[in-house]
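Below: one structure, written as structure tokens.
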Amino acid sequence: MVASQASREPRFVAQPQPQGRASAQSHRQSSGHSSGPRLEQGPAAGPGSRPRQSSDHDSDHSSGQSADHSSGHGAARSPGRRPDREPGNASGSEHGSGRGSGQAPAHDRRRQATTWGEARAVAARAGRGAAPRTQRLALDRALGHVLAEPLAALTDLPSFDTSAMDGWVVAGPGPWTLHKGEGGGGGLGILAGHSAPTPLPDGDAVRIATGARIPANATAVIRSEHAQVDEAKGLLYAQRQVVPGQDIRPRGQECRSGDQLLPVGTLVTPAVLGLAAAAGYDELVTVPRPRVDVLVLGDELLTAGLPHDGLIRDALGPMIGPWLRVLGAEVSAPRRLGDDAEALRHALTTSVADLVITTGGTAAGPVDHVHPILAKIGAGLLVDGVAVRPGHPMLLARLPSGGPYLVGLPGNPLAAVSGLLTLAEPLLCGLAGRAPAEPYRVVVRDEVHGHPHDTRLVPVVHRGGSGEGAGSAAGDGVEHVVPLHYNGPAMLRGIAAADGLAVVPPGGVRSGTEVEILDLPWASATPWTEGCFT
């Protein structure tokens with residue numbers, strides 16, 4: 001372990017908790033009801049309007065989710081569950097009521113929960129504090145990895161003076177006498193890929209190809225389209241003024257040998273591979289991709305077909321692996337453990353991954369085994385609950401004896417996305433050696449209701465200012481974001497149409513307020529379009 005290990009030491013050890021289950025994946029998915037197909041949250045608030053704080057009740061209802069109605073795939077509710085126990089209701093929201101289980105009341109748990117900003121900071125510090133590892137990869141295998149060493153030039157670029165254009169290389173003032181048969185070109189002039197040509201006498205000109213070496217004593221290169229040849233006299237005339245050095249790339253123009261081209265932490269993109277090859281590299285020293293195991297919990301989950309008989313489709317298994325791969329992780333196939341506590345214990349204690357992701361089971365229901373198993377194996381809890389909606393019962397732990405980290409995601413799909421962005425992404429960023437993205441803020445077009453105490457993460461779509469909503473505080477031509485409907489904890493419809501999440505502070509924000517934006521990892525590759533959902 002490295003000296004920075006102290007920064008990631010557990011703050012406290014998981015303690016046994018009464019078993020219970022108040023939040024299972026998609027069990028709590030409600031399709032909701034809306035008056036139309038649009039996903040926009042609503043019209044912009046008028047000047048001077050105050051944002052309304054949403055209680056645990058209206059945080060779902062205002063987004064199109066209904067606690068009393070469910071339809072469509074993944075919309076089943078647990079048999080025997082009362083509507084007032086649905087996630088998002090005042091009886092305990094996503095965390096579960098904990099009634100009859102000996103768990104602390106919801107208001108006590110809220111005081112214990114880590115703030116959203118601190119939770120992300122803890123995850124980032126844990127990732128950065130991991131023992132450094134490096135590997136050497138051939139260029140054709142390094143794409144998507146992160147540089148573990150600075151990329152320094154192994155040669156001058158270009159490594160010799162070269163021609164920037166096809167044309168004629170000349171020496172001295174014109175007109176110039178044509179000089180044929182040079183550099184092994186068989187009468188074609190000086191070609192790329194040949195050894196140094198003979199020096200060019202003053203007053204002479206010879207054909208040259210792009211990338212070919214410039215002969216000693218040369219003055220300039222004249223492009224073919226700017227030259228006139230008098231074959232009868234054997235002379236070359238320039239149709240434009242010739243400037244010494246024109247269209248010649250001098251040695252070391254881009255860099256000198258030893259210059260640092262890219263710093264540690266740079267993501268290896270196709271362009272980086274090209275630069276590395278040009279600079280003389282055959283392989284790169286990179287940080288290994290973090291290895292991630294995904295454990296899907298819950299007996300109620302189907303892997304195919306339509307929901308039936310109280311069983312619902314697993315939405316997280318197909319989503320989490322690809323999401324983590326986009327973040328640069330090496331992800332194993334999801335393992336479906338059901339609600340088997342012993343299977344969970346065995347999976348955690350035998351994992352050789354850097355990070356284990358679990359889905360569901362982080363609350364305190366009768367089959368929520370994550371907390372009891374972490375306590376049983378002596379794991380250290382770094383974050384146990386976050387003051388954010390959706391996703392309140394997420395957690396971050398370190399397994400004993402230098403074992404992997406564990407991010408426990410809530411079972412509700414959008415709450416799980418919240419956990420990925422809050423804990424998994426900054427942790428993986430540190431483990432992979434990547435520099436964290438710089439936070440940025442954008443004006444939100446519409447009023448966004450807030451939770452009284454917790455941060456809210458709301459799916460949004462960027463717009464560049466097309467004149468729509470001219471009466472809003474985000475006027476014409478101003479980049480802004482539009483909140484989307486279907487943002488309840490059990491819903492994916494909003495996030496599927498989004499390119500980011502707005503970080504809404506407790507109490508909400510008015511129209512025209514700047515809010516921090518969390519980009520979805522694929523947003524930069526997706527055009528900012530309104531699509532059919534806004």
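Ordered as shown in the structure tokens, chains take letters A, B, and onward, while each chain numbers its residues from 1 and ligands are numbered from 1 in the order shown.
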(request) Just list the residues in segment 303-379 of chain A DSSP gives alpha helix (DSSP H) on the backbone, as an NGL selection string. (result) :A and (316-326 or 341-350 or 370-377)
When DSSP is applied to the backbone of this structure, which of segment 160-206 of chain A are assigned strand (DSSP E)? Write them out as a PDB file with all heavy atoms, in the first residue's frame.
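What landed in selection.pdb:
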```pdb
ATOM      1  N   THR A 162      11.339  18.572 -44.311  1.00  0.00           N
ATOM      2  CA  THR A 162      10.534  17.872 -45.314  1.00  0.00           C
ATOM      3  C   THR A 162       9.697  18.863 -46.109  1.00  0.00           C
ATOM      4  O   THR A 162       9.431  19.990 -45.660  1.00  0.00           O
ATOM      5  CB  THR A 162       9.575  16.862 -44.648  1.00  0.00           C
ATOM      6  OG1 THR A 162       8.671  17.566 -43.793  1.00  0.00           O
ATOM      7  CG2 THR A 162      10.335  15.838 -43.832  1.00  0.00           C
ATOM      8  N   SER A 163       9.260  18.400 -47.263  1.00  0.00           N
ATOM      9  CA  SER A 163       8.402  19.228 -48.114  1.00  0.00           C
ATOM     10  C   SER A 163       6.963  19.105 -47.638  1.00  0.00           C
ATOM     11  O   SER A 163       6.462  18.007 -47.380  1.00  0.00           O
ATOM     12  CB  SER A 163       8.499  18.786 -49.572  1.00  0.00           C
ATOM     13  OG  SER A 163       7.596  19.534 -50.369  1.00  0.00           O
ATOM     14  N   GLY A 167       5.541  19.604 -55.519  1.00  0.00           N
ATOM     15  CA  GLY A 167       5.921  20.752 -56.354  1.00  0.00           C
ATOM     16  C   GLY A 167       7.377  20.695 -56.750  1.00  0.00           C
ATOM     17  O   GLY A 167       7.890  19.632 -57.122  1.00  0.00           O
ATOM     18  N   TRP A 168       8.040  21.838 -56.616  1.00  0.00           N
ATOM     19  CA  TRP A 168       9.433  21.980 -57.001  1.00  0.00           C
ATOM     20  C   TRP A 168      10.214  22.591 -55.842  1.00  0.00           C
ATOM     21  O   TRP A 168       9.764  23.556 -55.228  1.00  0.00           O
ATOM     22  CB  TRP A 168       9.572  22.905 -58.227  1.00  0.00           C
ATOM     23  CG  TRP A 168       8.825  22.406 -59.442  1.00  0.00           C
ATOM     24  CD1 TRP A 168       7.520  22.589 -59.738  1.00  0.00           C
ATOM     25  CD2 TRP A 168       9.372  21.662 -60.510  1.00  0.00           C
ATOM     26  NE1 TRP A 168       7.180  22.007 -60.919  1.00  0.00           N
ATOM     27  CE2 TRP A 168       8.325  21.419 -61.442  1.00  0.00           C
ATOM     28  CE3 TRP A 168      10.655  21.161 -60.815  1.00  0.00           C
ATOM     29  CZ2 TRP A 168       8.508  20.716 -62.616  1.00  0.00           C
ATOM     30  CZ3 TRP A 168      10.830  20.466 -61.990  1.00  0.00           C
ATOM     31  CH2 TRP A 168       9.778  20.239 -62.875  1.00  0.00           C
ATOM     32  N   VAL A 169      11.353  22.001 -55.521  1.00  0.00           N
ATOM     33  CA  VAL A 169      12.234  22.594 -54.534  1.00  0.00           C
ATOM     34  C   VAL A 169      13.301  23.367 -55.296  1.00  0.00           C
ATOM     35  O   VAL A 169      13.871  22.879 -56.279  1.00  0.00           O
ATOM     36  CB  VAL A 169      12.858  21.530 -53.599  1.00  0.00           C
ATOM     37  CG1 VAL A 169      13.653  20.474 -54.349  1.00  0.00           C
ATOM     38  CG2 VAL A 169      13.716  22.204 -52.533  1.00  0.00           C
ATOM     39  N   VAL A 170      13.540  24.610 -54.879  1.00  0.00           N
ATOM     40  CA  VAL A 170      14.423  25.509 -55.633  1.00  0.00           C
ATOM     41  C   VAL A 170      15.515  26.042 -54.710  1.00  0.00           C
ATOM     42  O   VAL A 170      15.364  26.076 -53.480  1.00  0.00           O
ATOM     43  CB  VAL A 170      13.629  26.672 -56.252  1.00  0.00           C
ATOM     44  CG1 VAL A 170      12.558  26.157 -57.216  1.00  0.00           C
ATOM     45  CG2 VAL A 170      12.972  27.530 -55.162  1.00  0.00           C
ATOM     46  N   TRP A 176      14.675  29.065 -62.593  1.00  0.00           N
ATOM     47  CA  TRP A 176      15.566  27.999 -62.166  1.00  0.00           C
ATOM     48  C   TRP A 176      15.725  26.955 -63.278  1.00  0.00           C
ATOM     49  O   TRP A 176      14.784  26.666 -64.026  1.00  0.00           O
ATOM     50  CB  TRP A 176      15.007  27.315 -60.927  1.00  0.00           C
ATOM     51  CG  TRP A 176      14.857  28.240 -59.760  1.00  0.00           C
ATOM     52  CD1 TRP A 176      15.790  28.528 -58.826  1.00  0.00           C
ATOM     53  CD2 TRP A 176      13.686  29.008 -59.428  1.00  0.00           C
ATOM     54  NE1 TRP A 176      15.291  29.436 -57.909  1.00  0.00           N
ATOM     55  CE2 TRP A 176      13.993  29.756 -58.262  1.00  0.00           C
ATOM     56  CE3 TRP A 176      12.411  29.175 -60.002  1.00  0.00           C
ATOM     57  CZ2 TRP A 176      13.091  30.619 -57.659  1.00  0.00           C
ATOM     58  CZ3 TRP A 176      11.514  30.035 -59.414  1.00  0.00           C
ATOM     59  CH2 TRP A 176      11.861  30.757 -58.241  1.00  0.00           C
ATOM     60  N   THR A 177      16.903  26.419 -63.342  1.00  0.00           N
ATOM     61  CA  THR A 177      17.174  25.366 -64.313  1.00  0.00           C
ATOM     62  C   THR A 177      16.625  24.044 -63.794  1.00  0.00           C
ATOM     63  O   THR A 177      16.851  23.673 -62.638  1.00  0.00           O
ATOM     64  CB  THR A 177      18.689  25.240 -64.548  1.00  0.00           C
ATOM     65  OG1 THR A 177      19.196  26.489 -65.029  1.00  0.00           O
ATOM     66  CG2 THR A 177      18.997  24.140 -65.551  1.00  0.00           C
ATOM     67  N   LEU A 178      15.892  23.335 -64.658  1.00  0.00           N
ATOM     68  CA  LEU A 178      15.282  22.070 -64.252  1.00  0.00           C
ATOM     69  C   LEU A 178      16.355  21.010 -64.088  1.00  0.00           C
ATOM     70  O   LEU A 178      17.228  20.845 -64.933  1.00  0.00           O
ATOM     71  CB  LEU A 178      14.266  21.610 -65.297  1.00  0.00           C
ATOM     72  CG  LEU A 178      13.066  22.542 -65.517  1.00  0.00           C
ATOM     73  CD1 LEU A 178      12.160  22.001 -66.601  1.00  0.00           C
ATOM     74  CD2 LEU A 178      12.291  22.723 -64.214  1.00  0.00           C
ATOM     75  N   ASP A 204      19.056  26.031 -59.364  1.00  0.00           N
ATOM     76  CA  ASP A 204      18.441  24.799 -59.862  1.00  0.00           C
ATOM     77  C   ASP A 204      17.100  24.550 -59.184  1.00  0.00           C
ATOM     78  O   ASP A 204      16.806  25.071 -58.105  1.00  0.00           O
ATOM     79  CB  ASP A 204      19.354  23.607 -59.616  1.00  0.00           C
ATOM     80  CG  ASP A 204      20.438  23.473 -60.667  1.00  0.00           C
ATOM     81  OD1 ASP A 204      20.618  24.434 -61.466  1.00  0.00           O
ATOM     82  OD2 ASP A 204      21.110  22.430 -60.692  1.00  0.00           O
ATOM     83  N   ALA A 205      16.292  23.703 -59.831  1.00  0.00           N
ATOM     84  CA  ALA A 205      15.001  23.260 -59.303  1.00  0.00           C
ATOM     85  C   ALA A 205      14.834  21.781 -59.611  1.00  0.00           C
ATOM     86  O   ALA A 205      15.283  21.307 -60.661  1.00  0.00           O
ATOM     87  CB  ALA A 205      13.857  24.053 -59.923  1.00  0.00           C
ATOM     88  N   VAL A 206      14.194  21.058 -58.702  1.00  0.00           N
ATOM     89  CA  VAL A 206      13.934  19.639 -58.909  1.00  0.00           C
ATOM     90  C   VAL A 206      12.567  19.302 -58.335  1.00  0.00           C
ATOM     91  O   VAL A 206      12.119  19.891 -57.343  1.00  0.00           O
ATOM     92  CB  VAL A 206      15.033  18.777 -58.251  1.00  0.00           C
ATOM     93  CG1 VAL A 206      15.021  18.929 -56.735  1.00  0.00           C
ATOM     94  CG2 VAL A 206      14.898  17.310 -58.620  1.00  0.00           C
TER      95      VAL A 206
END
```
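The space between atom CA of Leu344 of chain A and atom CA of Arg389 of chain A spans 26.5 Å.
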So that I can see what lies close to Val326 of chain A, please list as a PDB file with all heavy atoms, in the first residue's frame the residues with an atom at most 9 Å from it, counting only C-alpha atoms and leaving out residues fewer than 5 positions away in the same chain.
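out13.pdb, freshly written:
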```pdb
ATOM      1  N   GLY A 321     -23.101  -2.893 -16.762  1.00  0.00           N
ATOM      2  CA  GLY A 321     -21.847  -3.306 -17.390  1.00  0.00           C
ATOM      3  C   GLY A 321     -21.404  -2.363 -18.489  1.00  0.00           C
ATOM      4  O   GLY A 321     -20.270  -1.843 -18.456  1.00  0.00           O
ATOM      5  N   PRO A 521     -21.610   9.796 -19.502  1.00  0.00           N
ATOM      6  CA  PRO A 521     -20.293   9.507 -20.092  1.00  0.00           C
ATOM      7  C   PRO A 521     -20.270   9.473 -21.600  1.00  0.00           C
ATOM      8  O   PRO A 521     -19.219   9.625 -22.203  1.00  0.00           O
ATOM      9  CB  PRO A 521     -19.931   8.139 -19.486  1.00  0.00           C
ATOM     10  CG  PRO A 521     -21.189   7.581 -18.939  1.00  0.00           C
ATOM     11  CD  PRO A 521     -22.063   8.740 -18.582  1.00  0.00           C
ATOM     12  N   TRP A 522     -21.408   9.290 -22.233  1.00  0.00           N
ATOM     13  CA  TRP A 522     -21.443   9.262 -23.704  1.00  0.00           C
ATOM     14  C   TRP A 522     -21.983  10.561 -24.289  1.00  0.00           C
ATOM     15  O   TRP A 522     -22.146  10.677 -25.497  1.00  0.00           O
ATOM     16  CB  TRP A 522     -22.322   8.112 -24.178  1.00  0.00           C
ATOM     17  CG  TRP A 522     -23.655   8.092 -23.497  1.00  0.00           C
ATOM     18  CD1 TRP A 522     -24.781   8.786 -23.838  1.00  0.00           C
ATOM     19  CD2 TRP A 522     -23.975   7.351 -22.321  1.00  0.00           C
ATOM     20  NE1 TRP A 522     -25.783   8.534 -22.947  1.00  0.00           N
ATOM     21  CE2 TRP A 522     -25.327   7.640 -22.013  1.00  0.00           C
ATOM     22  CE3 TRP A 522     -23.267   6.464 -21.511  1.00  0.00           C
ATOM     23  CZ2 TRP A 522     -25.966   7.073 -20.911  1.00  0.00           C
ATOM     24  CZ3 TRP A 522     -23.917   5.913 -20.421  1.00  0.00           C
ATOM     25  CH2 TRP A 522     -25.241   6.208 -20.130  1.00  0.00           C
TER      26      TRP A 522
END
```
(request) Between A:Arg213, A:His480, A:Arg291, A:Arg141, single out the one closest to Ser195 of chain A, counting only C-alpha atoms. (result) A:Arg213
(message) With distances taken over only C-alpha atoms, which residue among A:Leu151, A:Val294, A:Val417, A:Leu188 lies nearest Thr266 of chain A?
(response) A:Leu151
Per-residue nearest contacts of segment 311-357 of chain A to segment 400-416 of chain A (9 Å; only C-alpha atoms) as a tab-separated table:
```
residue	atom	partner	partner_atom	distance
A:Ala315	CA	A:Pro413	CA	6.9
A:Leu316	CA	A:Pro413	CA	6.5
A:Ile320	CA	A:Ala416	CA	8.9
A:Leu348	CA	A:Pro404	CA	8.5
A:Thr349	CA	A:Gly403	CA	8.2
A:Ser351	CA	A:Pro404	CA	7.5
A:Val352	CA	A:Pro404	CA	7.2
A:Ala353	CA	A:Pro404	CA	6.1
A:Asp354	CA	A:Pro404	CA	4.7
A:Leu355	CA	A:Tyr405	CA	4.7
A:Val356	CA	A:Leu406	CA	4.7
A:Ile357	CA	A:Val407	CA	5.1
```
(request) Find the residues around Arg456 of chain A up to 9 Å (only C-alpha atoms counted), leave out those fewer than 6 positions away in its own chain, and share them as an MDAnalysis selection string. (result) chainID A and resid 387:390 449:450 502:506 508
Give me a file of those residues, with all heavy atoms, as a JSON list (two decimals), in the first residue's frame.
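Output contents, as saved in again-v6.json:
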```
[["chain", "number", "residue", "atom", "x", "y", "z"],
["A", 387, "ALA", "N", -27.22, 12.04, 1.19],
["A", 387, "ALA", "CA", -28.34, 12.99, 1.18],
["A", 387, "ALA", "C", -28.61, 13.46, -0.24],
["A", 387, "ALA", "O", -28.35, 14.60, -0.62],
["A", 387, "ALA", "CB", -28.03, 14.18, 2.10],
["A", 388, "VAL", "N", -29.13, 12.54, -1.05],
["A", 388, "VAL", "CA", -29.42, 12.83, -2.46],
["A", 388, "VAL", "C", -30.68, 12.06, -2.84],
["A", 388, "VAL", "O", -30.94, 10.97, -2.32],
["A", 388, "VAL", "CB", -28.23, 12.42, -3.36],
["A", 388, "VAL", "CG1", -28.02, 10.91, -3.36],
["A", 388, "VAL", "CG2", -28.42, 12.93, -4.79],
["A", 389, "ARG", "N", -31.46, 12.63, -3.72],
["A", 389, "ARG", "CA", -32.65, 11.97, -4.25],
["A", 389, "ARG", "C", -32.61, 12.02, -5.77],
["A", 389, "ARG", "O", -32.37, 13.08, -6.31],
["A", 389, "ARG", "CB", -33.94, 12.65, -3.74],
["A", 389, "ARG", "CG", -34.06, 12.71, -2.23],
["A", 389, "ARG", "CD", -33.99, 11.33, -1.61],
["A", 389, "ARG", "NE", -33.81, 11.41, -0.16],
["A", 389, "ARG", "CZ", -34.73, 11.03, 0.71],
["A", 389, "ARG", "NH1", -35.89, 10.56, 0.31],
["A", 389, "ARG", "NH2", -34.49, 11.12, 2.00],
["A", 390, "PRO", "N", -32.81, 10.91, -6.46],
["A", 390, "PRO", "CA", -32.95, 9.57, -5.91],
["A", 390, "PRO", "C", -31.60, 8.99, -5.51],
["A", 390, "PRO", "O", -30.56, 9.56, -5.84],
["A", 390, "PRO", "CB", -33.56, 8.78, -7.07],
["A", 390, "PRO", "CG", -33.00, 9.45, -8.29],
["A", 390, "PRO", "CD", -32.93, 10.92, -7.94],
["A", 449, "HIS", "N", -38.27, 21.87, -8.73],
["A", 449, "HIS", "CA", -38.61, 21.69, -7.33],
["A", 449, "HIS", "C", -37.49, 20.94, -6.63],
["A", 449, "HIS", "O", -36.84, 20.07, -7.20],
["A", 449, "HIS", "CB", -39.91, 20.90, -7.19],
["A", 449, "HIS", "CG", -41.07, 21.58, -7.83],
["A", 449, "HIS", "ND1", -42.16, 20.89, -8.33],
["A", 449, "HIS", "CD2", -41.30, 22.89, -8.09],
["A", 449, "HIS", "CE1", -43.02, 21.76, -8.86],
["A", 449, "HIS", "NE2", -42.52, 22.97, -8.72],
["A", 450, "GLY", "N", -37.26, 21.29, -5.38],
["A", 450, "GLY", "CA", -36.20, 20.67, -4.61],
["A", 450, "GLY", "C", -36.72, 19.84, -3.46],
["A", 450, "GLY", "O", -37.86, 19.99, -3.01],
["A", 502, "ALA", "N", -28.81, 17.48, -13.75],
["A", 502, "ALA", "CA", -28.64, 18.73, -13.04],
["A", 502, "ALA", "C", -28.57, 18.46, -11.54],
["A", 502, "ALA", "O", -29.36, 17.67, -11.01],
["A", 502, "ALA", "CB", -29.80, 19.68, -13.34],
["A", 503, "VAL", "N", -27.62, 19.10, -10.88],
["A", 503, "VAL", "CA", -27.47, 18.97, -9.43],
["A", 503, "VAL", "C", -28.27, 20.10, -8.78],
["A", 503, "VAL", "O", -27.87, 21.26, -8.80],
["A", 503, "VAL", "CB", -25.98, 19.05, -9.03],
["A", 503, "VAL", "CG1", -25.84, 18.87, -7.52],
["A", 503, "VAL", "CG2", -25.16, 18.01, -9.78],
["A", 504, "VAL", "N", -29.42, 19.74, -8.23],
["A", 504, "VAL", "CA", -30.35, 20.73, -7.69],
["A", 504, "VAL", "C", -30.19, 20.76, -6.17],
["A", 504, "VAL", "O", -30.40, 19.75, -5.50],
["A", 504, "VAL", "CB", -31.79, 20.39, -8.07],
["A", 504, "VAL", "CG1", -32.76, 21.41, -7.49],
["A", 504, "VAL", "CG2", -31.93, 20.32, -9.59],
["A", 505, "PRO", "N", -29.83, 21.90, -5.60],
["A", 505, "PRO", "CA", -29.62, 21.97, -4.15],
["A", 505, "PRO", "C", -30.94, 21.87, -3.40],
["A", 505, "PRO", "O", -32.02, 22.03, -3.98],
["A", 505, "PRO", "CB", -28.99, 23.36, -3.96],
["A", 505, "PRO", "CG", -29.49, 24.16, -5.13],
["A", 505, "PRO", "CD", -29.59, 23.19, -6.27],
["A", 506, "PRO", "N", -30.89, 21.57, -2.10],
["A", 506, "PRO", "CA", -32.12, 21.53, -1.30],
["A", 506, "PRO", "C", -32.91, 22.82, -1.47],
["A", 506, "PRO", "O", -32.36, 23.92, -1.47],
["A", 506, "PRO", "CB", -31.60, 21.37, 0.13],
["A", 506, "PRO", "CG", -30.27, 20.70, -0.01],
["A", 506, "PRO", "CD", -29.69, 21.25, -1.28],
["A", 508, "GLY", "N", -34.63, 23.60, -4.17],
["A", 508, "GLY", "CA", -34.93, 23.82, -5.57],
["A", 508, "GLY", "C", -34.32, 25.09, -6.12],
["A", 508, "GLY", "O", -33.62, 25.84, -5.42]]
```
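The smallest atom-to-atom distance between Met394 of chain A and any of A:Leu501, A:Ala119, A:Leu374, A:Val448, using only C-alpha atoms, is found for A:Ala119.
The smallest atom-to-atom distance between Tyr440 of chain A and any of A:Ala238, A:Ile517, A:Val272, A:Ala212, using only C-alpha atoms, is found for A:Ile517.
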Wanna dump the segment 406-473 of chain A-segment 329-338 of chain A contacts at 10 Å for me, each residue with its shortest atom pair and the distance in Å to one decimal, counting only C-alpha atoms, ordered by chain and number, as CSV?
```
residue,atom,partner,partner_atom,distance
A:Leu428,CA,A:Ala329,CA,7.4
A:Cys429,CA,A:Ala329,CA,9.4
A:Leu431,CA,A:Ala329,CA,9.3
A:Ala432,CA,A:Ala329,CA,7.9
```
(request) Mind giving me the straight-line distance from atom CA of Ala196 of chain A to atom CA of Asn217 of chain A in Å, one decimal? (result) 12.5 Å
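Distances to Leu139 of chain A were evaluated for A:Thr422, A:Ala277, A:Gly385, A:Gln253 using only C-alpha atoms, and the minimum falls at A:Ala277.
For Gln228 of chain A, the non-local neighbours within 8 Å, defined as residues at least 5 positions apart in the same chain or in other chains and counting only C-alpha atoms, are A:Leu236, A:Tyr237, A:Ala238, A:Gln239.
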Generate the output file for the selected residues, N, CA and C atoms, as a short mmCIF file (atom, residue, chain, number, x, y, z; two decimals), in the first residue's frame.
```cif
data_model
loop_
_atom_site.label_atom_id
_atom_site.label_comp_id
_atom_site.auth_asym_id
_atom_site.auth_seq_id
_atom_site.Cartn_x
_atom_site.Cartn_y
_atom_site.Cartn_z
N LEU A 236 12.17 26.85 -64.99
CA LEU A 236 10.99 26.89 -64.12
C LEU A 236 10.77 28.33 -63.69
N TYR A 237 9.52 28.80 -63.83
CA TYR A 237 9.16 30.16 -63.43
C TYR A 237 8.11 30.07 -62.30
N ALA A 238 8.21 30.97 -61.35
CA ALA A 238 7.22 31.05 -60.27
C ALA A 238 6.15 32.05 -60.65
N GLN A 239 4.89 31.67 -60.45
CA GLN A 239 3.77 32.57 -60.76
C GLN A 239 3.41 33.47 -59.58
#
```
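Here atom CA of Arg441 of chain A stands at a distance of 9.2 Å from atom CA of Leu518 of chain A.
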(request) Could you give me, as a PyMOL selection string, the residues within 12 Å of segment 122-129 of chain A, counting only C-alpha atoms and dropping anything in the same chain fewer than 2 positions from it? (result) chain A and resi 1-11+114-120+131-133+265+290+354-355+381-384+386+395-398+404-407+419-437
How would the residues just chosen look if you wrote them out with C-alpha atoms as a CSV table (one decimal), in the first residue's frame?
```csv
chain,number,residue,atom,x,y,z
A,1,MET,CA,0.0,0.0,0.0
A,2,VAL,CA,1.1,3.5,-0.7
A,3,ALA,CA,1.6,6.3,1.8
A,4,SER,CA,-1.7,7.9,0.9
A,5,GLN,CA,-3.6,4.8,2.1
A,6,ALA,CA,-4.6,6.7,5.2
A,7,SER,CA,-7.0,8.8,3.1
A,8,ARG,CA,-9.1,5.8,2.3
A,9,GLU,CA,-9.2,4.0,5.7
A,10,PRO,CA,-12.7,3.2,6.8
A,11,ARG,CA,-14.3,5.7,9.0
A,114,THR,CA,-23.3,12.0,3.9
A,115,THR,CA,-23.8,15.1,1.9
A,116,TRP,CA,-23.8,14.5,-1.9
A,117,GLY,CA,-20.6,16.6,-2.4
A,118,GLU,CA,-18.7,14.9,0.4
A,119,ALA,CA,-19.8,11.5,-0.8
A,120,ARG,CA,-18.3,12.2,-4.2
A,131,ALA,CA,-1.7,1.5,-4.8
A,132,PRO,CA,-0.4,2.5,-8.3
A,133,ARG,CA,-0.1,-0.2,-10.9
A,265,GLY,CA,-3.4,10.7,-16.8
A,290,PRO,CA,-10.0,-1.3,-13.1
A,354,ASP,CA,-10.8,-3.8,-7.8
A,355,LEU,CA,-14.5,-2.9,-7.4
A,381,LEU,CA,-18.1,1.6,5.5
A,382,LEU,CA,-16.8,4.8,3.9
A,383,VAL,CA,-20.2,6.2,2.9
A,384,ASP,CA,-23.4,4.8,4.3
A,386,VAL,CA,-26.1,9.9,0.9
A,395,LEU,CA,-23.1,3.0,0.1
A,396,LEU,CA,-19.3,2.8,-0.4
A,397,ALA,CA,-17.3,0.2,1.5
A,398,ARG,CA,-13.8,-1.3,1.5
A,404,PRO,CA,-11.9,-4.6,-3.3
A,405,TYR,CA,-14.1,-1.6,-2.9
A,406,LEU,CA,-17.8,-2.1,-2.9
A,407,VAL,CA,-20.4,0.3,-4.2
A,419,GLY,CA,-25.2,5.9,-7.3
A,420,LEU,CA,-23.1,5.3,-10.4
A,421,LEU,CA,-22.5,9.0,-10.9
A,422,THR,CA,-22.1,9.8,-7.2
A,423,LEU,CA,-19.8,7.0,-6.0
A,424,ALA,CA,-18.8,4.6,-8.8
A,425,GLU,CA,-17.6,7.2,-11.4
A,426,PRO,CA,-15.3,9.3,-9.1
A,427,LEU,CA,-13.9,6.0,-7.6
A,428,LEU,CA,-13.2,4.5,-11.0
A,429,CYS,CA,-11.7,7.8,-12.2
A,430,GLY,CA,-9.1,7.6,-9.5
A,431,LEU,CA,-8.5,3.8,-9.9
A,432,ALA,CA,-7.9,4.3,-13.6
A,433,GLY,CA,-5.6,7.3,-13.1
A,434,ARG,CA,-7.8,9.7,-14.9
A,435,ALA,CA,-8.0,13.4,-14.0
A,436,PRO,CA,-11.5,14.3,-12.8
A,437,ALA,CA,-13.6,16.3,-15.1
```
